[in-house]
file query31.cif (mmCIF, C-alpha atoms)
data_input
#
loop_
_atom_site.group_PDB
_atom_site.id
_atom_site.type_symbol
_atom_site.label_atom_id
_atom_site.label_comp_id
_atom_site.auth_asym_id
_atom_site.auth_seq_id
_atom_site.Cartn_x
_atom_site.Cartn_y
_atom_site.Cartn_z
ATOM 1 C CA MET F 1 15.186 13.152 -17.100
ATOM 2 C CA SER F 2 16.368 16.087 -19.147
ATOM 3 C CA SER F 3 13.993 18.339 -17.209
ATOM 4 C CA HIS F 4 16.125 18.033 -14.086
ATOM 5 C CA ALA F 5 18.608 20.726 -15.012
ATOM 6 C CA THR F 6 15.909 23.214 -15.966
ATOM 7 C CA ASP F 7 13.563 22.803 -13.031
ATOM 8 C CA THR F 8 16.229 23.396 -10.387
ATOM 9 C CA HIS F 9 16.824 26.821 -11.907
ATOM 10 C CA ALA F 10 13.124 27.572 -12.231
ATOM 11 C CA GLU F 11 11.510 30.388 -10.324
ATOM 12 C CA HIS F 12 10.564 30.092 -6.678
ATOM 13 C CA GLY F 13 7.226 28.346 -6.159
ATOM 14 C CA GLU F 14 7.347 26.808 -9.611
ATOM 15 C CA GLU F 15 10.201 24.419 -8.961
ATOM 16 C CA HIS F 16 8.221 21.255 -9.655
ATOM 17 C CA GLU F 17 8.357 19.915 -13.140
ATOM 18 C CA SER F 18 4.740 19.007 -13.706
ATOM 19 C CA MET F 19 3.751 15.578 -14.900
ATOM 20 C CA THR F 20 2.000 15.588 -18.240
ATOM 21 C CA LYS F 21 -1.246 13.646 -18.545
ATOM 22 C CA GLY F 22 0.359 11.150 -20.895
ATOM 23 C CA LYS F 23 3.129 10.413 -18.406
ATOM 24 C CA ILE F 24 0.617 9.979 -15.568
ATOM 25 C CA TRP F 25 -1.306 7.323 -17.499
ATOM 26 C CA LYS F 26 1.909 5.635 -18.557
ATOM 27 C CA VAL F 27 2.948 5.253 -14.913
ATOM 28 C CA PHE F 28 -0.557 4.053 -14.062
ATOM 29 C CA PHE F 29 -0.379 1.294 -16.667
ATOM 30 C CA ILE F 30 3.078 0.285 -15.446
ATOM 31 C CA LEU F 31 1.691 -0.053 -11.897
ATOM 32 C CA LEU F 32 -1.339 -1.954 -13.142
ATOM 33 C CA GLY F 33 0.863 -4.204 -15.271
ATOM 34 C CA ILE F 34 3.174 -5.065 -12.351
ATOM 35 C CA THR F 35 0.142 -5.866 -10.176
ATOM 36 C CA CYS F 36 -1.224 -8.132 -12.933
ATOM 37 C CA VAL F 37 2.135 -9.943 -13.121
ATOM 38 C CA GLU F 38 1.969 -10.474 -9.338
ATOM 39 C CA PHE F 39 -1.521 -11.930 -9.698
ATOM 40 C CA ILE F 40 -0.430 -14.238 -12.503
ATOM 41 C CA ILE F 41 2.422 -15.509 -10.323
ATOM 42 C CA ALA F 42 0.183 -15.961 -7.268
ATOM 43 C CA LEU F 43 -2.843 -17.475 -9.010
ATOM 44 C CA ILE F 44 -1.392 -19.468 -11.913
ATOM 45 C CA LEU F 45 2.365 -20.039 -11.771
ATOM 46 C CA VAL F 46 2.719 -20.993 -8.080
ATOM 47 C CA PRO F 47 -0.320 -23.344 -7.826
ATOM 48 C CA LYS F 48 0.790 -25.132 -10.996
ATOM 49 C CA GLY F 49 4.275 -25.516 -9.593
ATOM 50 C CA ILE F 50 5.999 -23.636 -12.409
ATOM 51 C CA ILE F 51 7.599 -21.310 -9.859
ATOM 52 C CA PRO F 52 8.330 -22.686 -6.341
ATOM 53 C CA GLY F 53 7.236 -20.556 -3.375
ATOM 54 C CA HIS F 54 10.724 -19.702 -2.179
ATOM 55 C CA ILE F 55 11.476 -18.091 -5.556
ATOM 56 C CA ALA F 56 8.086 -16.387 -5.868
ATOM 57 C CA ASN F 57 8.441 -14.507 -2.553
ATOM 58 C CA PRO F 58 11.626 -12.576 -3.414
ATOM 59 C CA LEU F 59 10.058 -11.980 -6.832
ATOM 60 C CA TYR F 60 7.006 -10.319 -5.211
ATOM 61 C CA ILE F 61 9.289 -8.124 -3.132
ATOM 62 C CA VAL F 62 11.335 -7.011 -6.149
ATOM 63 C CA LEU F 63 8.125 -6.216 -8.088
ATOM 64 C CA THR F 64 6.784 -4.311 -5.059
ATOM 65 C CA LEU F 65 9.974 -2.264 -4.867
ATOM 66 C CA PHE F 66 9.541 -1.427 -8.562
ATOM 67 C CA LYS F 67 6.000 -0.226 -7.847
ATOM 68 C CA ALA F 68 7.266 1.790 -4.886
ATOM 69 C CA PHE F 69 9.896 3.382 -7.121
ATOM 70 C CA TYR F 70 7.316 4.461 -9.705
ATOM 71 C CA ILE F 71 4.943 5.870 -7.074
ATOM 72 C CA ILE F 72 7.686 7.800 -5.260
ATOM 73 C CA ALA F 73 9.608 8.984 -8.313
ATOM 74 C CA TYR F 74 6.693 10.016 -10.522
ATOM 75 C CA PHE F 75 3.461 10.367 -8.531
ATOM 76 C CA MET F 76 5.264 11.981 -5.603
ATOM 77 C CA HIS F 77 7.618 13.591 -8.169
ATOM 78 C CA LEU F 78 10.688 12.994 -5.982
ATOM 79 C CA LYS F 79 12.654 12.411 -9.169
ATOM 80 C CA PHE F 80 12.139 16.044 -10.117
ATOM 81 C CA GLU F 81 13.126 17.471 -6.728
ATOM 82 C CA LYS F 82 16.471 18.933 -5.650
ATOM 83 C CA THR F 83 19.300 16.427 -5.162
ATOM 84 C CA GLY F 84 19.632 17.266 -1.454
ATOM 85 C CA LEU F 85 16.016 16.316 -0.752
ATOM 86 C CA ILE F 86 16.298 13.132 -2.793
ATOM 87 C CA ILE F 87 19.355 12.023 -0.809
ATOM 88 C CA SER F 88 17.840 12.908 2.568
ATOM 89 C CA ILE F 89 14.757 10.801 1.797
ATOM 90 C CA VAL F 90 16.387 7.860 0.038
ATOM 91 C CA VAL F 91 19.275 7.239 2.466
ATOM 92 C CA PRO F 92 17.060 6.628 5.578
ATOM 93 C CA VAL F 93 14.884 4.315 3.468
ATOM 94 C CA LEU F 94 18.000 2.306 2.578
ATOM 95 C CA PHE F 95 18.649 1.912 6.313
ATOM 96 C CA ILE F 96 15.101 0.559 6.739
ATOM 97 C CA ILE F 97 15.732 -2.007 3.991
ATOM 98 C CA GLY F 98 18.959 -2.970 5.761
ATOM 99 C CA LEU F 99 17.070 -3.457 9.030
ATOM 100 C CA ILE F 100 14.478 -5.619 7.266
ATOM 101 C CA LEU F 101 17.202 -7.850 5.822
ATOM 102 C CA VAL F 102 18.921 -8.171 9.211
ATOM 103 C CA LEU F 103 15.705 -9.002 11.068
ATOM 104 C CA THR F 104 14.342 -11.511 8.571
ATOM 105 C CA ASN F 105 17.714 -13.254 8.743
ATOM 106 C CA GLU F 106 17.565 -13.132 12.533
ATOM 107 C CA SER F 107 14.034 -14.507 12.664
ATOM 108 C CA HIS F 108 15.143 -17.662 10.877
ATOM 109 C CA HIS F 109 17.268 -18.413 13.946
ATOM 110 C CA TRP F 110 14.318 -17.862 16.305
ATOM 111 C CA ILE F 111 12.696 -21.011 14.986
ATOM 112 C CA THR F 112 15.530 -23.115 16.364
ATOM 113 C CA LEU F 113 15.460 -21.128 19.631
ATOM 114 C CA ARG F 114 11.755 -21.869 20.034
ATOM 115 C CA GLY F 115 12.524 -25.533 19.574
ATOM 116 C CA MET T 116 8.133 19.389 5.617
ATOM 117 C CA MET T 117 5.545 16.956 4.307
ATOM 118 C CA TRP T 118 8.384 14.769 3.034
ATOM 119 C CA PHE T 119 9.927 14.487 6.472
ATOM 120 C CA PHE T 120 6.602 13.756 8.116
ATOM 121 C CA LEU T 121 6.110 10.986 5.554
ATOM 122 C CA LEU T 122 9.592 9.659 6.257
ATOM 123 C CA SER T 123 8.767 9.394 9.972
ATOM 124 C CA ASP T 124 5.462 7.745 9.080
ATOM 125 C CA ALA T 125 7.380 5.321 6.869
ATOM 126 C CA PHE T 126 9.478 4.403 9.930
ATOM 127 C CA THR T 127 6.323 3.624 11.889
ATOM 128 C CA PHE T 128 4.882 1.461 9.144
ATOM 129 C CA SER T 129 8.136 -0.341 8.506
ATOM 130 C CA SER T 130 8.524 -1.112 12.218
ATOM 131 C CA LEU T 131 5.071 -2.724 12.114
ATOM 132 C CA LEU T 132 5.900 -4.625 8.940
ATOM 133 C CA ILE T 133 9.315 -5.685 10.289
ATOM 134 C CA ALA T 134 7.612 -7.051 13.406
ATOM 135 C CA TYR T 135 5.192 -8.887 11.126
ATOM 136 C CA GLY T 136 8.027 -10.340 9.047
ATOM 137 C CA ALA T 137 10.068 -11.396 12.071
ATOM 138 C CA LEU T 138 7.095 -13.118 13.739
ATOM 139 C CA ARG T 139 6.006 -14.755 10.531
ATOM 140 C CA PHE T 140 9.415 -16.110 9.552
ATOM 141 C CA SER T 141 9.974 -17.481 13.047
ATOM 142 C CA ALA T 142 6.570 -19.196 13.153
ATOM 143 C CA TYR T 143 6.224 -22.930 12.622
ATOM 144 C CA ALA T 144 3.202 -22.442 10.315
ATOM 145 C CA TRP T 145 1.198 -19.504 9.026
ATOM 146 C CA PRO T 146 -2.416 -19.165 7.803
ATOM 147 C CA SER T 147 -2.407 -19.519 4.025
ATOM 148 C CA ALA T 148 -3.385 -16.254 2.333
ATOM 149 C CA ALA T 149 -5.109 -18.150 -0.471
ATOM 150 C CA LEU T 150 -7.347 -19.846 2.120
ATOM 151 C CA VAL T 151 -8.024 -16.855 4.399
ATOM 152 C CA PHE T 152 -8.735 -14.302 1.666
ATOM 153 C CA GLN T 153 -10.762 -16.294 -0.820
ATOM 154 C CA SER T 154 -14.131 -14.589 -0.717
ATOM 155 C CA VAL T 155 -15.714 -11.535 -2.290
ATOM 156 C CA PRO T 156 -18.025 -10.323 0.508
ATOM 157 C CA GLY T 157 -21.663 -10.546 -0.543
ATOM 158 C CA LEU T 158 -20.947 -12.289 -3.848
ATOM 159 C CA ILE T 159 -18.639 -15.298 -3.717
ATOM 160 C CA GLU T 160 -18.088 -17.170 -0.479
ATOM 161 C CA HIS T 161 -15.239 -19.499 -1.517
ATOM 162 C CA GLY T 162 -12.728 -20.108 -4.221
ATOM 163 C CA ALA T 163 -11.938 -16.580 -5.374
ATOM 164 C CA PRO T 164 -8.536 -15.842 -3.815
ATOM 165 C CA LEU T 165 -7.158 -12.315 -4.178
ATOM 166 C CA VAL T 166 -10.080 -11.067 -6.292
ATOM 167 C CA PHE T 167 -11.491 -8.694 -3.694
ATOM 168 C CA VAL T 168 -8.127 -7.353 -2.568
ATOM 169 C CA GLY T 169 -7.205 -6.925 -6.231
ATOM 170 C CA LEU T 170 -10.236 -4.685 -6.598
ATOM 171 C CA MET T 171 -9.182 -2.708 -3.501
ATOM 172 C CA THR T 172 -5.654 -2.288 -4.897
ATOM 173 C CA PHE T 173 -7.051 -1.114 -8.220
ATOM 174 C CA ILE T 174 -9.326 1.430 -6.490
ATOM 175 C CA LEU T 175 -6.418 2.864 -4.479
ATOM 176 C CA ILE T 176 -4.022 3.085 -7.442
ATOM 177 C CA MET T 177 -6.825 4.674 -9.470
ATOM 178 C CA SER T 178 -7.451 7.299 -6.777
ATOM 179 C CA SER T 179 -3.723 7.999 -6.736
ATOM 180 C CA VAL T 180 -3.946 8.684 -10.477
ATOM 181 C CA THR T 181 -6.899 11.067 -10.049
ATOM 182 C CA MET T 182 -4.847 12.837 -7.348
ATOM 183 C CA VAL T 183 -1.898 13.385 -9.727
ATOM 184 C CA LEU T 184 -4.345 14.615 -12.330
ATOM 185 C CA ALA T 185 -5.681 17.117 -9.750
ATOM 186 C CA VAL T 186 -2.109 18.281 -9.072
ATOM 187 C CA GLU T 187 -1.504 18.566 -12.798
ATOM 188 C CA ALA T 188 -4.676 20.629 -13.225
ATOM 189 C CA GLY T 189 -3.535 22.775 -10.281
ATOM 190 C CA HIS T 190 -0.337 23.635 -12.133
ATOM 191 C CA ARG T 191 -2.482 25.071 -14.903
ATOM 192 C CA ASN T 192 -4.695 26.887 -12.339
ATOM 193 C CA ALA T 193 -7.684 25.077 -13.866
ATOM 194 C CA ARG T 194 -10.035 25.277 -10.893
ATOM 195 C CA LYS T 195 -12.900 23.257 -12.367
ATOM 196 C CA GLU T 196 -10.652 20.338 -13.314
ATOM 197 C CA VAL T 197 -9.032 20.376 -9.856
ATOM 198 C CA ILE T 198 -12.499 20.130 -8.259
ATOM 199 C CA GLY T 199 -13.493 17.217 -10.501
ATOM 200 C CA TRP T 200 -10.329 15.203 -9.861
ATOM 201 C CA MET T 201 -10.376 15.945 -6.123
ATOM 202 C CA ILE T 202 -13.968 14.708 -5.850
ATOM 203 C CA ALA T 203 -12.979 11.574 -7.788
ATOM 204 C CA THR T 204 -10.084 11.047 -5.341
ATOM 205 C CA VAL T 205 -12.382 11.424 -2.325
ATOM 206 C CA ILE T 206 -14.836 8.915 -3.841
ATOM 207 C CA GLY T 207 -11.953 6.475 -4.489
ATOM 208 C CA GLY T 208 -10.825 6.801 -0.882
ATOM 209 C CA LEU T 209 -14.342 6.203 0.430
ATOM 210 C CA MET T 210 -14.753 3.162 -1.835
ATOM 211 C CA PHE T 211 -11.508 1.722 -0.503
ATOM 212 C CA LEU T 212 -12.629 2.276 3.092
ATOM 213 C CA GLY T 213 -15.966 0.622 2.301
ATOM 214 C CA CYS T 214 -14.174 -2.408 0.828
ATOM 215 C CA GLN T 215 -11.931 -2.615 3.850
ATOM 216 C CA ALA T 216 -14.936 -2.499 6.169
ATOM 217 C CA LEU T 217 -16.437 -5.447 4.232
ATOM 218 C CA GLU T 218 -13.150 -7.335 4.423
ATOM 219 C CA TRP T 219 -12.878 -6.786 8.172
ATOM 220 C CA ASN T 220 -16.495 -7.744 8.660
ATOM 221 C CA HIS T 221 -15.935 -10.943 6.691
ATOM 222 C CA LEU T 222 -12.876 -11.941 8.739
ATOM 223 C CA HIS T 223 -14.696 -11.039 11.948
ATOM 224 C CA SER T 224 -17.618 -13.262 10.956
ATOM 225 C CA GLU T 225 -15.096 -16.099 10.440
ATOM 226 C CA GLY T 226 -13.982 -15.629 14.041
ATOM 227 C CA PHE T 227 -10.861 -13.486 13.651
ATOM 228 C CA TRP T 228 -10.435 -10.344 15.715
ATOM 229 C CA TRP T 229 -7.798 -8.842 17.990
ATOM 230 C CA SER T 230 -6.612 -11.772 20.126
ATOM 231 C CA SER T 231 -9.527 -13.852 18.889
ATOM 232 C CA ILE T 232 -9.484 -16.784 16.468
ATOM 233 C CA PRO T 233 -12.093 -19.332 15.295
ATOM 234 C CA THR T 234 -12.956 -21.428 18.324
ATOM 235 C CA SER T 235 -13.412 -24.862 16.742
ATOM 236 C CA PRO T 236 -10.306 -26.728 15.494
ATOM 237 C CA GLU T 237 -12.203 -27.801 12.342
ATOM 238 C CA LYS T 238 -12.900 -24.168 11.448
ATOM 239 C CA LEU T 239 -9.292 -23.189 12.112
ATOM 240 C CA GLN T 240 -8.025 -26.047 9.937
ATOM 241 C CA GLU T 241 -9.770 -24.415 6.967
ATOM 242 C CA PHE T 242 -7.077 -21.724 6.933
ATOM 243 C CA PHE T 243 -4.029 -23.975 7.167
ATOM 244 C CA ALA T 244 -2.282 -26.517 5.004
ATOM 245 C CA VAL T 245 -3.108 -30.106 5.947
ATOM 246 C CA GLY T 246 -0.945 -31.656 8.656
ATOM 247 C CA VAL T 247 -0.142 -28.598 10.811
ATOM 248 C CA PRO T 248 -0.603 -29.459 14.530
ATOM 249 C CA TYR T 249 -3.431 -27.611 16.311
ATOM 250 C CA ALA T 250 -1.152 -25.896 18.857
ATOM 251 C CA ALA T 251 0.972 -24.390 16.067
ATOM 252 C CA GLN T 252 -2.191 -23.328 14.217
ATOM 253 C CA ALA T 253 -3.635 -21.587 17.262
ATOM 254 C CA ALA T 254 -0.397 -19.772 18.086
ATOM 255 C CA SER T 255 0.223 -18.391 14.617
ATOM 256 C CA ALA T 256 -3.470 -17.648 13.959
ATOM 257 C CA HIS T 257 -3.406 -15.366 17.026
ATOM 258 C CA GLN T 258 -0.321 -13.600 15.711
ATOM 259 C CA PHE T 259 -1.853 -13.352 12.264
ATOM 260 C CA ALA T 260 -5.130 -11.875 13.565
ATOM 261 C CA ASN T 261 -3.422 -9.297 15.773
ATOM 262 C CA LEU T 262 -0.965 -8.225 13.083
ATOM 263 C CA PHE T 263 -3.552 -8.145 10.315
ATOM 264 C CA PHE T 264 -6.031 -5.969 12.180
ATOM 265 C CA THR T 265 -3.338 -3.714 13.641
ATOM 266 C CA ILE T 266 -1.495 -3.087 10.368
ATOM 267 C CA THR T 267 -4.500 -2.808 8.021
ATOM 268 C CA GLY T 268 -6.250 -0.814 10.764
ATOM 269 C CA PHE T 269 -3.362 1.624 11.007
ATOM 270 C CA HIS T 270 -3.305 1.900 7.232
ATOM 271 C CA GLY T 271 -7.093 2.312 7.083
ATOM 272 C CA PHE T 272 -6.808 5.095 9.659
ATOM 273 C CA HIS T 273 -4.330 6.817 7.339
ATOM 274 C CA VAL T 274 -6.743 6.419 4.433
ATOM 275 C CA PHE T 275 -9.499 7.872 6.595
ATOM 276 C CA THR T 276 -7.455 10.936 7.589
ATOM 277 C CA GLY T 277 -6.390 11.270 3.942
ATOM 278 C CA VAL T 278 -10.029 11.359 2.861
ATOM 279 C CA VAL T 279 -10.849 13.967 5.528
ATOM 280 C CA ILE T 280 -7.910 16.138 4.431
ATOM 281 C CA ASN T 281 -8.912 15.726 0.781
ATOM 282 C CA ILE T 282 -12.454 16.834 1.606
ATOM 283 C CA ILE T 283 -11.147 19.924 3.437
ATOM 284 C CA ILE T 284 -8.938 20.794 0.470
ATOM 285 C CA THR T 285 -11.800 20.245 -1.980
ATOM 286 C CA VAL T 286 -13.995 22.611 0.050
ATOM 287 C CA ASN T 287 -11.167 25.160 0.003
ATOM 288 C CA VAL T 288 -10.915 24.855 -3.777
ATOM 289 C CA LEU T 289 -14.702 25.306 -4.044
ATOM 290 C CA LEU T 290 -14.464 28.430 -1.843
ATOM 291 C CA GLY T 291 -11.700 29.742 -4.115
ATOM 292 C CA THR T 292 -9.034 29.941 -1.383
ATOM 293 C CA TYR T 293 -6.202 28.825 -3.679
ATOM 294 C CA GLU T 294 -7.560 30.900 -6.559
ATOM 295 C CA LYS T 295 -7.047 33.980 -4.381
ATOM 296 C CA ARG T 296 -3.646 32.737 -3.236
ATOM 297 C CA GLY T 297 -2.658 32.279 -6.860
ATOM 298 C CA SER T 298 -1.137 28.826 -6.319
ATOM 299 C CA TYR T 299 -2.472 25.319 -5.873
ATOM 300 C CA LEU T 300 0.575 24.154 -3.911
ATOM 301 C CA MET T 301 -1.637 22.745 -1.132
ATOM 302 C CA ILE T 302 -3.012 20.190 -3.598
ATOM 303 C CA GLU T 303 0.522 18.926 -4.108
ATOM 304 C CA LYS T 304 1.122 18.616 -0.369
ATOM 305 C CA VAL T 305 -2.013 16.604 0.347
ATOM 306 C CA GLY T 306 -1.255 14.686 -2.854
ATOM 307 C CA LEU T 307 2.049 13.578 -1.326
ATOM 308 C CA TYR T 308 0.210 12.249 1.710
ATOM 309 C CA TRP T 309 -2.327 10.466 -0.464
ATOM 310 C CA HIS T 310 0.357 8.784 -2.587
ATOM 311 C CA PHE T 311 2.123 7.719 0.578
ATOM 312 C CA VAL T 312 -1.060 5.947 1.705
ATOM 313 C CA ASP T 313 -1.135 4.201 -1.672
ATOM 314 C CA LEU T 314 2.547 3.325 -1.313
ATOM 315 C CA VAL T 315 2.018 1.729 2.098
ATOM 316 C CA TRP T 316 -0.870 -0.300 0.700
ATOM 317 C CA VAL T 317 1.419 -1.687 -2.019
ATOM 318 C CA PHE T 318 3.603 -3.132 0.747
ATOM 319 C CA VAL T 319 0.736 -4.312 2.951
ATOM 320 C CA PHE T 320 -0.802 -6.007 -0.088
ATOM 321 C CA THR T 321 2.428 -7.822 -0.919
ATOM 322 C CA PHE T 322 3.216 -9.007 2.583
ATOM 323 C CA PHE T 323 -0.266 -10.019 3.699
ATOM 324 C CA TYR T 324 -1.853 -11.279 0.518
ATOM 325 C CA LEU T 325 0.924 -12.509 -1.771
ATOM 326 C CA VAL T 326 3.894 -13.742 0.247
#

call {"tool": "encode", "arguments": {"input": "query31.cif", "output": "structure tokens"}}
result
Amino acid sequence: MSSHATDTHAEHGEEHESMTKGKIWKVFFILLGITCVEFIIALILVPKGIIPGHIANPLYIVLTLFKAFYIIAYFMHLKFEKTGLIISIVVPVLFIIGLILVLTNESHHWITLRG
Amino acid sequence: MMWFFLLSDAFTFSSLLIAYGALRFSAYAWPSAALVFQSVPGLIEHGAPLVFVGLMTFILIMSSVTMVLAVEAGHRNARKEVIGWMIATVIGGLMFLGCQALEWNHLHSEGFWWSSIPTSPEKLQEFFAVGVPYAAQAASAHQFANLFFTITGFHGFHVFTGVVINIIITVNVLLGTYEKRGSYLMIEKVGLYWHFVDLVWVFVFTFFYLV
């Protein structure tokens, strides 16, 4: 965003680059569109066997992460904040994702442990 | 500060969702989402998977949009527009809570509750793929019920507090508190919380209803 350079130098209390109405609706339609794609996968493509379940699941997660990105970056306007804040929020979230990957991998081994 | 509170809240939610994922992936079988969530309470009893939760998702995303529009109006110090969008956001939140109450009531009437599952094996079989042994069904149905009510309950509690906070802020706007202060920054702060609630729902929706 070209606004980034200007809003960090803006006056105190007015540091947030405001979202224009057009941008808000654009993000809304992106979110709605991604949700519709998820529904099409869940209701049409998987039952008809066009996409097998083990491919659909990672696909849902990727689409969900896209939605999360749009909500955080635009609705919560993190994209327009100072770099320090962005890093301090994003880095811990990356650790969470790491923990999720480790634990889902681990849980696959629990099945064999349970017998 | 709101950002760091939300980060800590994100830790709480992700620990719940990680527990859900670990239990689910290590389970022999799991109730099929398309079979558990296939009714629209009061309208369609069977055969409409994901329709009702789709409506709930739409309501929550929509109320997130009205919240951003309130923030945007706040930047322009347009008090009347802020009031309108805030009221719309509160209504969206209440509609979502109403839908969730219906959803819970429906599952409860099927026999699911905390540490409670449908008592008859025939009833329980309705939620599983054919050929899953009863013992495996019972074990994972218990886990499913506990996790579903705990996680959606925790999220619903967040929605509820969000609605209460939104109402307080709306009253403050009506009283002209922020007009006197000369800035509608508070709208942005509660907006962050509200979007976070929406964000968590996006994940809950994916992991409970789609995967």

call {"tool": "residues_around", "arguments": {"input": "query31.cif", "residues": "region 19-36 of chain F", "least_positions_apart": "6", "cutoff": "9 Å", "atoms": "all atoms listed in the file", "output": "PyMOL selection string"}}
result
(chain F and resi 63-64+66-67+70-71+74-75+77) or (chain T and resi 169+172-173+176-177+179-180+183-184+186-187)

call {"tool": "axis_aligned_box", "arguments": {"input": "query31.cif", "around": "region 150-166 of chain T", "padding_each_side": "6 Å", "output": "lines of an AutoDock Vina configuration file"}}
result
center_x = -14.4
center_y = -15.2
center_z = -0.9
size_x = 26.5
size_y = 21.8
size_z = 22.7

call {"tool": "interface_residues", "arguments": {"input": "query31.cif", "of": "chain T", "to": "chain F", "cutoff": "9 Å", "atoms": "all atoms listed in the file", "output": "JSON, numbers by chain"}}
result
{"T": [118, 119, 122, 125, 126, 129, 130, 132, 133, 134, 136, 137, 138, 139, 140, 141, 142, 143, 149, 164, 165, 169, 172, 173, 176, 177, 179, 180, 182, 183, 184, 186, 187, 190, 298, 300, 303, 306, 307, 308, 310, 311, 313, 314, 315, 317, 318, 321, 322, 325, 326]}

call {"tool": "atom_distance", "arguments": {"input": "query31.cif", "atom1": "CA of Ile44 (chain F)", "atom2": "CA of Trp145 (chain T)"}}
result
21.1 Å

call {"tool": "atom_distance", "arguments": {"input": "query31.cif", "atom1": "CA of Gly213 (chain T)", "atom2": "CA of Trp228 (chain T)"}}
result
18.2 Å

call {"tool": "resolve_selection", "arguments": {"input": "query31.cif", "expression": "the PyMOL selection byres ((chain T and resi 256) around 10)", "output": "list in words"}}
result
Ala144, Trp145, Pro146, Phe227, Ser230, Ser231, Ile232, Pro233, Leu239, Phe242, Phe243, Ala250, Ala251, Gln252, Ala253, Ala254, Ser255, His257, Gln258, Phe259, Ala260, Asn261 and Leu262 of chain T

call {"tool": "closest_residue", "arguments": {"input": "query31.cif", "among": "T:Ala163, T:Val205, T:Met117, T:Leu290", "to": "Gly277 (chain T)", "atoms": "only C-alpha atoms"}}
result
T:Val205

call {"tool": "residues_around", "arguments": {"input": "query31.cif", "residues": "Ile174 (chain T)", "least_positions_apart": "2", "cutoff": "8 Å", "atoms": "only C-alpha atoms", "output": "list in words"}}
result
Leu170, Met171, Thr172, Ile176, Met177, Ser178, Gly207, Gly208, Met210 and Phe211 of chain T

call {"tool": "atom_distance", "arguments": {"input": "query31.cif", "atom1": "CA of Asp124 (chain T)", "atom2": "CA of Trp309 (chain T)"}}
result
12.6 Å

call {"tool": "residues_around", "arguments": {"input": "query31.cif", "residues": "Glu294 (chain T)", "least_positions_apart": "4", "cutoff": "10 Å", "atoms": "all atoms listed in the file", "output": "number ranges by chain"}}
result
T: 189, 192-194, 287-290, 298-299
